[in-house]
file model-v9.tsv (TSV, C-alpha atoms and all ligand atoms)
chain	number	residue	atom	x	y	z
A	1	MET	CA	-4.42	-12.39	-12.67
A	2	THR	CA	-4.38	-8.73	-11.69
A	3	SER	CA	-4.74	-6.14	-14.41
A	4	VAL	CA	-3.48	-2.57	-14.42
A	5	ARG	CA	-4.89	0.05	-16.77
A	6	ILE	CA	-3.56	3.58	-16.82
A	7	ARG	CA	-5.75	5.92	-18.89
A	8	ASP	CA	-5.03	9.59	-19.65
A	9	LEU	CA	-3.50	9.82	-16.20
A	10	THR	CA	-2.52	13.38	-15.31
A	11	LYS	CA	-1.11	15.05	-12.22
A	12	ARG	CA	-0.65	18.79	-12.06
A	13	TYR	CA	1.24	20.67	-9.40
A	14	GLY	CA	0.32	24.30	-9.96
A	15	ASP	CA	0.62	24.92	-13.69
A	16	VAL	CA	2.95	22.02	-14.33
A	17	ALA	CA	1.67	18.62	-15.46
A	18	VAL	CA	4.30	16.28	-14.01
A	19	VAL	CA	2.27	13.33	-15.35
A	20	ASP	CA	0.61	14.30	-18.57
A	21	GLY	CA	-2.05	12.14	-20.22
A	22	LEU	CA	-0.30	8.85	-19.58
A	23	THR	CA	-1.93	5.70	-21.01
A	24	PHE	CA	-0.55	2.16	-20.80
A	25	ASP	CA	-1.39	-1.32	-19.53
A	26	VAL	CA	0.75	-3.52	-17.33
A	27	PRO	CA	0.57	-7.16	-18.43
A	28	ALA	CA	0.03	-9.99	-15.94
A	29	GLY	CA	2.55	-12.83	-15.78
A	30	ALA	CA	5.40	-10.47	-16.63
A	31	VAL	CA	7.85	-8.02	-15.11
A	32	THR	CA	7.33	-4.52	-16.48
A	33	GLY	CA	10.22	-2.07	-16.16
A	34	PHE	CA	9.03	1.52	-15.69
A	35	LEU	CA	11.82	3.81	-16.84
A	36	GLY	CA	12.51	7.48	-17.32
A	37	PRO	CA	15.06	10.15	-16.42
A	38	ASN	CA	15.01	11.89	-13.02
A	39	GLY	CA	11.81	13.83	-12.59
A	40	ALA	CA	10.02	12.03	-15.44
A	41	GLY	CA	6.97	11.34	-13.28
A	42	LYS	CA	7.51	7.68	-12.38
A	43	THR	CA	7.06	7.96	-8.63
A	44	THR	CA	4.06	10.27	-9.05
A	45	THR	CA	2.44	7.73	-11.39
A	46	LEU	CA	3.04	4.87	-8.96
A	47	ARG	CA	1.70	6.96	-6.06
A	48	MET	CA	-1.52	7.59	-7.97
A	49	LEU	CA	-1.80	3.89	-8.82
A	50	VAL	CA	-1.68	2.88	-5.15
A	51	GLY	CA	-3.92	5.66	-3.86
A	52	LEU	CA	-1.24	7.88	-2.27
A	53	ALA	CA	-1.94	10.79	-4.64
A	54	ARG	CA	-5.11	11.83	-6.39
A	55	PRO	CA	-5.05	12.19	-10.17
A	56	SER	CA	-5.85	15.65	-11.56
A	57	ALA	CA	-7.43	13.83	-14.48
A	58	GLY	CA	-7.65	10.33	-15.92
A	59	GLU	CA	-7.47	7.10	-13.99
A	60	ALA	CA	-5.19	4.34	-12.76
A	61	LEU	CA	-7.18	1.13	-12.35
A	62	ILE	CA	-6.35	-2.16	-10.69
A	63	ASP	CA	-8.74	-4.92	-11.72
A	64	GLY	CA	-10.97	-2.17	-13.06
A	65	ARG	CA	-11.10	-0.16	-9.81
A	66	ALA	CA	-9.26	2.74	-8.28
A	67	TYR	CA	-7.07	1.60	-5.38
A	68	ARG	CA	-9.40	3.16	-2.81
A	69	GLU	CA	-12.27	1.04	-4.12
A	70	LEU	CA	-10.49	-2.30	-3.87
A	71	ARG	CA	-12.22	-4.73	-1.51
A	72	GLU	CA	-9.02	-6.34	-0.28
A	73	PRO	CA	-6.20	-3.93	-1.08
A	74	ARG	CA	-3.42	-5.79	0.79
A	75	ARG	CA	-4.29	-9.05	-0.95
A	76	THR	CA	-4.48	-7.32	-4.32
A	77	VAL	CA	-1.52	-4.93	-4.30
A	78	GLY	CA	1.84	-4.97	-2.56
A	79	ALA	CA	3.69	-1.69	-2.92
A	80	VAL	CA	7.07	-0.37	-1.82
A	81	LEU	CA	7.45	3.27	-2.76
A	82	GLU	CA	10.14	4.33	-0.31
A	83	SER	CA	12.54	2.54	1.97
A	84	GLY	CA	11.80	4.82	4.94
A	85	GLY	CA	8.68	4.93	7.02
A	86	PHE	CA	9.68	2.31	9.55
A	87	HIS	CA	9.62	2.97	13.26
A	88	PRO	CA	13.36	2.83	14.04
A	89	GLY	CA	12.93	1.31	17.48
A	90	ARG	CA	10.73	-1.51	16.27
A	91	ARG	CA	12.01	-4.99	15.53
A	92	GLY	CA	11.61	-6.23	11.96
A	93	ARG	CA	9.25	-9.01	12.93
A	94	ASP	CA	7.09	-6.69	15.05
A	95	HIS	CA	6.82	-4.21	12.18
A	96	LEU	CA	5.39	-7.01	10.02
A	97	ARG	CA	3.14	-8.34	12.79
A	98	ILE	CA	1.56	-4.91	13.15
A	99	LEU	CA	1.08	-4.60	9.40
A	100	ALA	CA	-0.46	-8.07	9.20
A	101	GLY	CA	-2.73	-7.36	12.16
A	102	SER	CA	-3.99	-4.06	10.78
A	103	ALA	CA	-4.69	-5.65	7.39
A	104	GLY	CA	-6.43	-8.71	8.83
A	105	LEU	CA	-3.78	-11.05	7.42
A	106	PRO	CA	-2.73	-14.26	9.20
A	107	ALA	CA	0.20	-13.84	11.62
A	108	ALA	CA	1.75	-16.98	10.13
A	109	ARG	CA	2.53	-14.97	7.01
A	110	VAL	CA	5.10	-12.91	8.95
A	111	ASP	CA	7.68	-15.68	9.23
A	112	GLU	CA	6.96	-16.83	5.69
A	113	VAL	CA	7.72	-13.43	4.19
A	114	LEU	CA	10.75	-12.93	6.45
A	115	ASP	CA	12.17	-16.13	4.99
A	116	GLU	CA	11.17	-15.13	1.49
A	117	VAL	CA	13.18	-11.90	1.69
A	118	GLY	CA	16.10	-13.45	3.58
A	119	LEU	CA	15.61	-11.50	6.81
A	120	GLY	CA	14.83	-14.46	9.05
A	121	ASN	CA	18.05	-14.07	11.04
A	122	ALA	CA	17.62	-10.31	11.49
A	123	ALA	CA	13.92	-10.36	12.38
A	124	HIS	CA	14.60	-9.77	16.08
A	125	ARG	CA	16.79	-6.72	15.43
A	126	ARG	CA	15.55	-3.14	15.64
A	127	VAL	CA	15.04	-1.48	12.30
A	128	ARG	CA	17.47	1.35	13.20
A	129	THR	CA	20.27	-1.21	12.95
A	130	TYR	CA	19.24	-2.29	9.43
A	131	SER	CA	21.25	-1.33	6.36
A	132	LEU	CA	19.50	0.33	3.42
A	133	GLY	CA	19.37	-3.02	1.63
A	134	MET	CA	17.82	-4.68	4.70
A	135	ARG	CA	15.20	-1.94	4.82
A	136	GLN	CA	14.42	-2.59	1.17
A	137	ARG	CA	13.95	-6.25	2.02
A	138	LEU	CA	11.71	-5.40	4.98
A	139	GLY	CA	9.60	-3.14	2.78
A	140	LEU	CA	9.28	-5.94	0.28
A	141	ALA	CA	8.33	-8.36	3.05
A	142	GLY	CA	5.49	-6.00	4.00
A	143	ALA	CA	4.35	-5.86	0.38
A	144	LEU	CA	4.33	-9.66	0.13
A	145	LEU	CA	2.30	-10.24	3.32
A	146	GLY	CA	-1.03	-10.43	1.48
A	147	ASP	CA	0.46	-12.56	-1.33
A	148	PRO	CA	-0.85	-9.94	-3.78
A	149	GLY	CA	-1.40	-10.42	-7.49
A	150	LEU	CA	0.24	-7.06	-8.20
A	151	LEU	CA	3.61	-5.81	-6.94
A	152	VAL	CA	4.47	-2.13	-7.38
A	153	LEU	CA	8.07	-1.29	-6.53
A	154	ASP	CA	9.82	2.07	-6.81
A	155	GLU	CA	13.56	1.63	-7.26
A	156	PRO	CA	13.72	-1.65	-5.34
A	157	ALA	CA	17.36	-2.25	-6.28
A	158	ASN	CA	18.50	0.86	-4.33
A	159	GLY	CA	20.89	-0.17	-1.62
A	160	LEU	CA	21.11	-3.80	-2.67
A	161	ASP	CA	24.52	-5.37	-3.17
A	162	PRO	CA	25.15	-7.61	-6.20
A	163	ALA	CA	23.91	-10.71	-4.37
A	164	GLY	CA	20.83	-8.75	-3.27
A	165	MET	CA	20.17	-7.66	-6.86
A	166	ALA	CA	20.38	-11.26	-8.06
A	167	TRP	CA	18.03	-12.32	-5.27
A	168	LEU	CA	15.55	-9.54	-6.15
A	169	ARG	CA	15.66	-10.54	-9.82
A	170	GLY	CA	14.82	-14.12	-8.86
A	171	LEU	CA	11.95	-13.01	-6.65
A	172	LEU	CA	10.41	-10.81	-9.36
A	173	ARG	CA	10.85	-13.52	-11.99
A	174	ARG	CA	9.14	-16.08	-9.73
A	175	ARG	CA	6.19	-13.75	-9.07
A	176	ALA	CA	5.75	-13.17	-12.80
A	177	ALA	CA	6.16	-16.88	-13.62
A	178	SER	CA	3.32	-17.72	-11.24
A	179	GLY	CA	1.01	-15.24	-12.98
A	180	GLY	CA	1.81	-12.12	-10.94
A	181	THR	CA	1.80	-8.61	-12.31
A	182	VAL	CA	5.03	-6.82	-11.46
A	183	LEU	CA	5.65	-3.12	-12.09
A	184	VAL	CA	9.11	-1.88	-11.16
A	185	SER	CA	10.64	1.54	-11.64
A	186	SER	CA	14.39	1.76	-11.98
A	187	HIS	CA	17.30	3.89	-13.09
A	188	VAL	CA	19.56	0.93	-13.56
A	189	LEU	CA	19.09	-0.02	-17.20
A	190	ALA	CA	21.42	-3.01	-17.02
A	191	GLU	CA	19.38	-4.44	-14.16
A	192	VAL	CA	16.07	-3.85	-15.92
A	193	ALA	CA	17.47	-5.40	-19.10
A	194	GLN	CA	18.11	-8.60	-17.16
A	195	THR	CA	14.78	-8.66	-15.36
A	196	ALA	CA	11.98	-7.09	-17.39
A	197	ASP	CA	9.85	-8.64	-20.14
A	198	HIS	CA	8.04	-5.44	-20.92
A	199	ILE	CA	9.23	-1.83	-20.91
A	200	VAL	CA	7.41	1.46	-20.39
A	201	ILE	CA	9.47	4.65	-20.79
A	202	VAL	CA	8.22	8.05	-19.70
A	203	HIS	CA	9.80	11.46	-20.08
A	204	GLU	CA	8.38	14.80	-18.91
A	205	GLY	CA	5.26	13.01	-17.74
A	206	ARG	CA	4.48	11.49	-21.13
A	207	LEU	CA	4.67	8.01	-22.57
A	208	ARG	CA	7.68	7.75	-24.87
A	209	HIS	CA	7.97	4.02	-25.47
A	210	GLU	CA	6.09	0.85	-24.64
A	211	GLY	CA	6.84	-2.67	-25.78
A	212	ALA	CA	8.63	-5.95	-25.23
A	213	ALA	CA	12.08	-5.65	-23.71
A	214	GLY	CA	14.53	-5.70	-26.59
A	215	ALA	CA	18.20	-6.36	-27.07
A	216	ASP	CA	19.49	-2.81	-26.69
A	217	LEU	CA	17.62	-1.16	-23.87
A	218	GLU	CA	20.10	1.70	-23.55
A	219	GLN	CA	19.61	2.67	-27.19
A	220	THR	CA	15.82	2.45	-26.80
A	221	PHE	CA	15.99	4.59	-23.67
A	222	LEU	CA	18.21	7.25	-25.24
A	223	GLN	CA	16.02	7.46	-28.33
A	224	ALA	CA	12.81	7.57	-26.30
A	225	THR	CA	14.01	10.31	-23.99
A	226	GLY	CA	16.01	12.29	-26.52
A	227	VAL	CA	18.92	12.39	-24.10
A	228	GLY	CA	21.26	10.91	-26.69
A	229	HIS	CA	20.62	13.74	-29.14
A	230	ALA	CA	21.43	16.63	-26.81
A	231	GLY	CA	24.83	17.30	-28.36
U	301	LIG	N1	4.26	17.14	-4.10
U	301	LIG	C1	4.83	17.72	-5.15
U	301	LIG	N2	4.71	19.05	-5.37
U	301	LIG	C2	5.29	19.64	-6.43
U	301	LIG	N3	6.02	18.99	-7.36
U	301	LIG	C3	6.18	17.67	-7.20
U	301	LIG	C4	5.59	16.96	-6.10
U	301	LIG	N4	5.93	15.65	-6.22
U	301	LIG	C5	6.68	15.57	-7.34
U	301	LIG	N5	6.83	16.76	-7.93
U	301	LIG	C6	7.58	17.04	-9.16
U	301	LIG	O1	7.08	16.17	-10.15
U	301	LIG	C7	8.12	15.81	-11.05
U	301	LIG	C8	8.11	14.31	-11.19
U	301	LIG	O2	8.59	13.74	-9.97
U	301	LIG	P1	8.65	12.16	-9.75
U	301	LIG	O3	9.20	11.95	-8.38
U	301	LIG	O4	7.36	11.56	-10.09
U	301	LIG	O5	9.72	11.74	-10.86
U	301	LIG	P2	10.52	10.38	-11.00
U	301	LIG	O6	10.42	10.00	-12.44
U	301	LIG	O7	10.08	9.39	-10.01
U	301	LIG	O8	11.99	10.89	-10.71
U	301	LIG	P3	13.26	10.14	-10.04
U	301	LIG	O9	13.72	9.18	-11.08
U	301	LIG	O10	14.21	11.26	-9.85
U	301	LIG	O11	12.81	9.50	-8.78
U	301	LIG	C9	9.41	16.39	-10.51
U	301	LIG	O12	9.69	17.58	-11.22
U	301	LIG	C10	9.05	16.71	-9.07
U	301	LIG	O13	9.79	17.80	-8.60
call {"tool": "encode", "arguments": {"input": "model-v9.tsv", "output": "structure tokens"}}
result
Amino acid sequence: MTSVRIRDLTKRYGDVAVVDGLTFDVPAGAVTGFLGPNGAGKTTTLRMLVGLARPSAGEALIDGRAYRELREPRRTVGAVLESGGFHPGRRGRDHLRILAGSAGLPAARVDEVLDEVGLGNAAHRRVRTYSLGMRQRLGLAGALLGDPGLLVLDEPANGLDPAGMAWLRGLLRRRAASGGTVLVSSHVLAEVAQTADHIVIVHEGRLRHEGAAGADLEQTFLQATGVGHAG
């Protein structure tokens, strides 16, 4: 079981704290929905968690260590923080082969994850011919290569059609059911309501709500972010 502990996590750009003293845990064996309005600091938090940005203060720990100190990062954490970053001329399978090779993961995992994300038939195609949803799936395939205990996904439903959303929900639920720790940011409250067991809501870089997913997520979100009281 992979634990995540965020403690007093802060990121400042100039004078502005875009993540401001954030503290929460992400439970194992559950899907945690990470919510907040545009600019709330979700992506910045996830980037600090997976070592892509350095905290100004505080810490984001995976199994008690900062990402950079993990012994086997690819087997511990699978992250998809953007759907770009692929070499457009590369075939899907080759992209994954290179990732597996550089991480010291068995090449046999490539076809397994291609099947898992439903890209088996498109694996020979060049990434430039992929739709946004297919790129999301390829990103997810890369994250799954090391069969990690923790999945960190930033807006994974972007670009997925309704069948893709249902497929993603199933995948996340299966990871959680087998003891995985799943942290997913999203704007789509209806989707999160169907998928998440646990909810963390941030606004202006601060924690506004944390708890079990309840019946009326929209109401919880509006209250937590104050958006519903603007008028
Ligand atoms: N490199 C940077 N330099 C300066 N400001 C930044 C940088 N990265 C992010 N920010 C600012 O930090 C704030 C939080 O951005 P972040 O992307 O973390 O929010 P978010 O909650 O993921 O938003 P969204 O839901 O729109 O994706 C925003 O105001 C953004 O403009």
call {"tool": "atom_distance", "arguments": {"input": "model-v9.tsv", "atom1": "atom CA of A:Thr32", "atom2": "atom CA of A:Asp197"}}
result
6.1 Å
call {"tool": "atom_distance", "arguments": {"input": "model-v9.tsv", "atom1": "atom CA of A:Glu82", "atom2": "atom CA of A:Ala190"}}
result
21.5 Å
call {"tool": "atom_distance", "arguments": {"input": "model-v9.tsv", "atom1": "atom CA of A:Phe34", "atom2": "atom CA of A:Arg47"}}
result
13.3 Å
call {"tool": "residues_around", "arguments": {"input": "model-v9.tsv", "residues": "A:Val184", "least_positions_apart": "5", "cutoff": "9 Å", "atoms": "only C-alpha atoms", "output": "JSON, numbers by chain"}}
result
{"A": [31, 32, 33, 34, 35, 151, 152, 153, 154, 155, 156, 192, 196]}
call {"tool": "residues_around", "arguments": {"input": "model-v9.tsv", "residues": "stretch 37-46 of chain A", "least_positions_apart": "4", "cutoff": "10 Å", "atoms": "all atoms listed in the file", "output": "number ranges by chain"}}
result
A: 6, 9-11, 17-20, 22, 50-55, 60, 79-82, 152-155, 183-187, 201-207, 221-222, 225, 227
call {"tool": "closest_residue", "arguments": {"input": "model-v9.tsv", "among": "A:Gly164, A:Pro106, A:Pro148, A:Gly14", "to": "ligand LIG 301 (chain U)", "atoms": "all atoms listed in the file"}}
result
A:Gly14
call {"tool": "residues_near_point", "arguments": {"input": "model-v9.tsv", "point": "(21.3, -1.0, -4.6)", "cutoff": "12 Å", "atoms": "all atoms listed in the file", "output": "ChimeraX atom specification"}}
result
/A:83,131-137,155-168,186-188,191
call {"tool": "residues_around", "arguments": {"input": "model-v9.tsv", "residues": "A:Leu96", "least_positions_apart": "2", "cutoff": "10 Å", "atoms": "only C-alpha atoms", "output": "VMD selection string"}}
result
chain A and resid 90 to 94 98 to 102 107 109 to 111 113 to 114 123 138 to 139 141 to 143 145
call {"tool": "residues_near_point", "arguments": {"input": "model-v9.tsv", "point": "(3.5, -11.7, -17.4)", "cutoff": "7 Å", "atoms": "only C-alpha atoms", "output": "MDAnalysis selection string"}}
result
chainID A and resid 27:31 176:177 179:181
call {"tool": "closest_residue", "arguments": {"input": "model-v9.tsv", "among": "A:Leu150, A:Ala212, A:Val16, A:Val4", "to": "ligand LIG 301 (chain U)", "atoms": "only C-alpha atoms and all ligand atoms"}}
result
A:Val16
call {"tool": "closest_residue", "arguments": {"input": "model-v9.tsv", "among": "A:Leu189, A:Ile62, A:Ala224, A:Val117", "to": "A:Glu210", "atoms": "all atoms listed in the file"}}
result
A:Ala224
call {"tool": "build_atoms", "arguments": {"input": "model-v9.tsv", "residues": "stretch 51-86 of chain A", "atoms": "N, CA and C atoms", "output": "PDB file, in the coordinates of the input"}}
result
ATOM      1  N   GLY A  51      -3.021   4.857  -4.681  1.00  0.00           N
ATOM      2  CA  GLY A  51      -3.920   5.660  -3.860  1.00  0.00           C
ATOM      3  C   GLY A  51      -3.243   6.645  -2.927  1.00  0.00           C
ATOM      4  N   LEU A  52      -1.945   6.935  -3.140  1.00  0.00           N
ATOM      5  CA  LEU A  52      -1.240   7.880  -2.270  1.00  0.00           C
ATOM      6  C   LEU A  52      -1.322   9.306  -2.812  1.00  0.00           C
ATOM      7  N   ALA A  53      -1.738   9.452  -4.053  1.00  0.00           N
ATOM      8  CA  ALA A  53      -1.940  10.790  -4.640  1.00  0.00           C
ATOM      9  C   ALA A  53      -3.166  10.696  -5.529  1.00  0.00           C
ATOM     10  N   ARG A  54      -3.865  11.813  -5.616  1.00  0.00           N
ATOM     11  CA  ARG A  54      -5.110  11.830  -6.390  1.00  0.00           C
ATOM     12  C   ARG A  54      -4.828  12.371  -7.785  1.00  0.00           C
ATOM     13  N   PRO A  55      -5.275  11.674  -8.820  1.00  0.00           N
ATOM     14  CA  PRO A  55      -5.050  12.190 -10.170  1.00  0.00           C
ATOM     15  C   PRO A  55      -5.767  13.527 -10.376  1.00  0.00           C
ATOM     16  N   SER A  56      -5.157  14.427 -11.148  1.00  0.00           N
ATOM     17  CA  SER A  56      -5.850  15.650 -11.560  1.00  0.00           C
ATOM     18  C   SER A  56      -6.854  15.320 -12.648  1.00  0.00           C
ATOM     19  N   ALA A  57      -6.520  14.296 -13.440  1.00  0.00           N
ATOM     20  CA  ALA A  57      -7.430  13.830 -14.480  1.00  0.00           C
ATOM     21  C   ALA A  57      -7.030  12.406 -14.847  1.00  0.00           C
ATOM     22  N   GLY A  58      -7.946  11.697 -15.497  1.00  0.00           N
ATOM     23  CA  GLY A  58      -7.650  10.330 -15.920  1.00  0.00           C
ATOM     24  C   GLY A  58      -7.757   9.352 -14.778  1.00  0.00           C
ATOM     25  N   GLU A  59      -7.333   8.117 -15.032  1.00  0.00           N
ATOM     26  CA  GLU A  59      -7.470   7.100 -13.990  1.00  0.00           C
ATOM     27  C   GLU A  59      -6.371   6.060 -14.050  1.00  0.00           C
ATOM     28  N   ALA A  60      -6.132   5.456 -12.894  1.00  0.00           N
ATOM     29  CA  ALA A  60      -5.190   4.340 -12.760  1.00  0.00           C
ATOM     30  C   ALA A  60      -5.971   3.223 -12.095  1.00  0.00           C
ATOM     31  N   LEU A  61      -6.252   2.157 -12.840  1.00  0.00           N
ATOM     32  CA  LEU A  61      -7.180   1.130 -12.350  1.00  0.00           C
ATOM     33  C   LEU A  61      -6.485  -0.205 -12.134  1.00  0.00           C
ATOM     34  N   ILE A  62      -6.837  -0.830 -11.032  1.00  0.00           N
ATOM     35  CA  ILE A  62      -6.350  -2.160 -10.690  1.00  0.00           C
ATOM     36  C   ILE A  62      -7.569  -3.074 -10.692  1.00  0.00           C
ATOM     37  N   ASP A  63      -7.551  -4.070 -11.547  1.00  0.00           N
ATOM     38  CA  ASP A  63      -8.740  -4.920 -11.720  1.00  0.00           C
ATOM     39  C   ASP A  63      -9.994  -4.057 -11.920  1.00  0.00           C
ATOM     40  N   GLY A  64      -9.829  -3.003 -12.682  1.00  0.00           N
ATOM     41  CA  GLY A  64     -10.970  -2.170 -13.060  1.00  0.00           C
ATOM     42  C   GLY A  64     -11.420  -1.160 -12.006  1.00  0.00           C
ATOM     43  N   ARG A  65     -10.697  -1.095 -10.877  1.00  0.00           N
ATOM     44  CA  ARG A  65     -11.100  -0.160  -9.810  1.00  0.00           C
ATOM     45  C   ARG A  65      -9.937   0.721  -9.409  1.00  0.00           C
ATOM     46  N   ALA A  66     -10.284   1.909  -8.916  1.00  0.00           N
ATOM     47  CA  ALA A  66      -9.260   2.740  -8.280  1.00  0.00           C
ATOM     48  C   ALA A  66      -8.845   2.043  -6.983  1.00  0.00           C
ATOM     49  N   TYR A  67      -7.596   2.273  -6.570  1.00  0.00           N
ATOM     50  CA  TYR A  67      -7.070   1.600  -5.380  1.00  0.00           C
ATOM     51  C   TYR A  67      -8.022   1.724  -4.183  1.00  0.00           C
ATOM     52  N   ARG A  68      -8.543   2.912  -3.989  1.00  0.00           N
ATOM     53  CA  ARG A  68      -9.400   3.160  -2.810  1.00  0.00           C
ATOM     54  C   ARG A  68     -10.670   2.326  -2.829  1.00  0.00           C
ATOM     55  N   GLU A  69     -11.040   1.830  -4.005  1.00  0.00           N
ATOM     56  CA  GLU A  69     -12.270   1.040  -4.120  1.00  0.00           C
ATOM     57  C   GLU A  69     -12.024  -0.463  -4.077  1.00  0.00           C
ATOM     58  N   LEU A  70     -10.767  -0.860  -3.907  1.00  0.00           N
ATOM     59  CA  LEU A  70     -10.490  -2.300  -3.870  1.00  0.00           C
ATOM     60  C   LEU A  70     -11.064  -2.900  -2.586  1.00  0.00           C
ATOM     61  N   ARG A  71     -11.615  -4.099  -2.698  1.00  0.00           N
ATOM     62  CA  ARG A  71     -12.220  -4.730  -1.510  1.00  0.00           C
ATOM     63  C   ARG A  71     -11.153  -5.233  -0.555  1.00  0.00           C
ATOM     64  N   GLU A  72     -10.085  -5.802  -1.122  1.00  0.00           N
ATOM     65  CA  GLU A  72      -9.020  -6.340  -0.280  1.00  0.00           C
ATOM     66  C   GLU A  72      -7.683  -5.813  -0.779  1.00  0.00           C
ATOM     67  N   PRO A  73      -7.392  -4.542  -0.474  1.00  0.00           N
ATOM     68  CA  PRO A  73      -6.200  -3.930  -1.080  1.00  0.00           C
ATOM     69  C   PRO A  73      -4.900  -4.676  -0.794  1.00  0.00           C
ATOM     70  N   ARG A  74      -4.700  -5.137   0.443  1.00  0.00           N
ATOM     71  CA  ARG A  74      -3.420  -5.790   0.790  1.00  0.00           C
ATOM     72  C   ARG A  74      -3.252  -7.146   0.102  1.00  0.00           C
ATOM     73  N   ARG A  75      -4.377  -7.770  -0.234  1.00  0.00           N
ATOM     74  CA  ARG A  75      -4.290  -9.050  -0.950  1.00  0.00           C
ATOM     75  C   ARG A  75      -4.240  -8.839  -2.451  1.00  0.00           C
ATOM     76  N   THR A  76      -4.462  -7.618  -2.889  1.00  0.00           N
ATOM     77  CA  THR A  76      -4.480  -7.320  -4.320  1.00  0.00           C
ATOM     78  C   THR A  76      -3.184  -6.660  -4.763  1.00  0.00           C
ATOM     79  N   VAL A  77      -2.690  -5.731  -3.929  1.00  0.00           N
ATOM     80  CA  VAL A  77      -1.520  -4.930  -4.300  1.00  0.00           C
ATOM     81  C   VAL A  77      -0.505  -4.924  -3.166  1.00  0.00           C
ATOM     82  N   GLY A  78       0.740  -5.187  -3.498  1.00  0.00           N
ATOM     83  CA  GLY A  78       1.840  -4.970  -2.560  1.00  0.00           C
ATOM     84  C   GLY A  78       2.709  -3.877  -3.150  1.00  0.00           C
ATOM     85  N   ALA A  79       2.941  -2.817  -2.375  1.00  0.00           N
ATOM     86  CA  ALA A  79       3.690  -1.690  -2.920  1.00  0.00           C
ATOM     87  C   ALA A  79       4.834  -1.300  -1.991  1.00  0.00           C
ATOM     88  N   VAL A  80       5.965  -0.963  -2.580  1.00  0.00           N
ATOM     89  CA  VAL A  80       7.070  -0.370  -1.820  1.00  0.00           C
ATOM     90  C   VAL A  80       7.506   0.872  -2.586  1.00  0.00           C
ATOM     91  N   LEU A  81       7.146   2.029  -2.040  1.00  0.00           N
ATOM     92  CA  LEU A  81       7.450   3.270  -2.760  1.00  0.00           C
ATOM     93  C   LEU A  81       8.582   4.049  -2.109  1.00  0.00           C
ATOM     94  N   GLU A  82       8.980   3.677  -0.918  1.00  0.00           N
ATOM     95  CA  GLU A  82      10.140   4.330  -0.310  1.00  0.00           C
ATOM     96  C   GLU A  82      10.673   3.384   0.747  1.00  0.00           C
ATOM     97  N   SER A  83      11.968   3.503   1.028  1.00  0.00           N
ATOM     98  CA  SER A  83      12.540   2.540   1.970  1.00  0.00           C
ATOM     99  C   SER A  83      12.485   3.071   3.396  1.00  0.00           C
ATOM    100  N   GLY A  84      11.955   4.286   3.593  1.00  0.00           N
ATOM    101  CA  GLY A  84      11.800   4.820   4.940  1.00  0.00           C
ATOM    102  C   GLY A  84      10.446   4.411   5.506  1.00  0.00           C
ATOM    103  N   GLY A  85      10.019   5.161   6.500  1.00  0.00           N
ATOM    104  CA  GLY A  85       8.680   4.930   7.020  1.00  0.00           C
ATOM    105  C   GLY A  85       8.588   3.847   8.065  1.00  0.00           C
ATOM    106  N   PHE A  86       9.731   3.308   8.475  1.00  0.00           N
ATOM    107  CA  PHE A  86       9.680   2.310   9.550  1.00  0.00           C
ATOM    108  C   PHE A  86       9.935   2.993  10.878  1.00  0.00           C
TER     109      PHE A  86
END
